[in-house]
Amino acid sequence: MSLDENCIFCKILRGEIPSDKVYEDGDMLAFRDIHPQAKVHVLCVPKSHFSYLSEMGEKERGLVGKCMAKLPEIARLAGIEKGYRVIINQGEDAGQTVFHLHIHILGGQNMGEKLL
Ligand code: AMP
């Protein structure tokens, strides 16, 4: 896996910063968000550093696909299989703050008004 020296999620992937792990395999780590925006808020982080959707090469595309395919199991492990919202904040206008692509999985409550 290619990781970035200063990226906070790469530090979590290297075990330099602790995380509340929900699921891990060779391709991804899923852990609880430190500032949860719902009763249950898990982040799924691919084990390769890239900042944006636009930076996905062939390898990263495969990794993100594997992350998406694993979300139902991660949701089940987090106890929110009844329903959850999946979000990627892409870029500054969307409020992205950590520039290592990640998927938010939110649930454990009624998720309220929908954007769409
Ligand atoms: P985004 O705003 O889409 O880039 O999401 C970044 C998310 O990472 C935010 O929801 C933060 O609360 C979360 N976050 C930042 N640092 C940590 C950390 N050390 N452990 C868990 N979640 C974190």
# chains A, B, ... in the order shown; residues from 1 in each chain; ligands from 1
call {"tool": "select_by_dssp", "arguments": {"residues": "region 21-101 of chain A", "states": "strand (DSSP E or B)", "output": "compact mmCIF listing (two decimals) with C-alpha atoms, in the first residue's frame"}}
result
# COMPACT_ATOMS: atom_id res chain seq x y z
CA LYS A 21 -11.86 -0.23 14.50
CA VAL A 22 -15.05 -1.74 13.09
CA TYR A 23 -13.58 -3.77 10.20
CA GLU A 24 -10.23 -4.35 8.51
CA MET A 28 -9.48 -1.07 3.78
CA LEU A 29 -9.90 -0.03 7.39
CA ALA A 30 -13.27 1.04 8.81
CA PHE A 31 -13.28 2.91 12.10
CA ARG A 32 -15.59 5.19 14.08
CA VAL A 40 -23.33 5.71 14.44
CA HIS A 41 -20.70 7.23 12.15
CA VAL A 42 -18.08 5.01 10.58
CA LEU A 43 -15.41 5.91 8.01
CA CYS A 44 -14.22 3.40 5.44
CA VAL A 45 -10.69 4.24 4.33
CA PRO A 46 -8.91 2.48 1.43
CA TYR A 84 -27.68 4.05 6.66
CA ARG A 85 -26.52 6.96 4.54
CA VAL A 86 -23.31 6.78 2.51
CA ILE A 87 -21.46 10.03 1.76
call {"tool": "residues_around", "arguments": {"residues": "Leu63 (chain A)", "least_positions_apart": "2", "cutoff": "9 Å", "atoms": "only C-alpha atoms", "output": "PyMOL selection string"}}
result
chain A and resi 27-28+46-48+58-61+65-68
call {"tool": "residues_near_ligand", "arguments": {"ligand": "ligand 1", "cutoff": "6 Å", "atoms": "only C-alpha atoms and all ligand atoms", "output": "ChimeraX atom specification"}}
result
/A:19,32-35,89,95-98
call {"tool": "write_last_selection", "arguments": {"atoms": "C-alpha atoms", "output": "compact mmCIF listing (two decimals), in the first residue's frame"}}
result
# COMPACT_ATOMS: atom_id res chain seq x y z
CA SER A 19 -8.72 4.22 16.00
CA ARG A 32 -15.59 5.19 14.08
CA ASP A 33 -15.47 8.92 13.33
CA ILE A 34 -13.96 10.92 16.18
CA HIS A 35 -16.65 13.64 15.77
CA ASN A 89 -17.27 14.71 0.56
CA GLY A 95 -16.51 20.34 3.08
CA GLN A 96 -13.80 17.70 2.66
CA THR A 97 -11.29 18.15 5.48
CA VAL A 98 -9.13 15.03 5.28
call {"tool": "closest_residue", "arguments": {"among": "A:Ala94, A:His49, A:Lys70, A:Ser54", "to": "Lys11 (chain A)", "atoms": "only C-alpha atoms"}}
result
A:His49
call {"tool": "select_by_dssp", "arguments": {"residues": "chain A", "states": "helix (DSSP H, G or I)", "output": "MDAnalysis selection string"}}
result
chainID A and resid 8:13 53:55 58:77 92:94
call {"tool": "closest_residue", "arguments": {"among": "A:Ala78, A:Ile17, A:Glu55, A:Gln37", "to": "Phe99 (chain A)", "atoms": "only C-alpha atoms"}}
result
A:Glu55
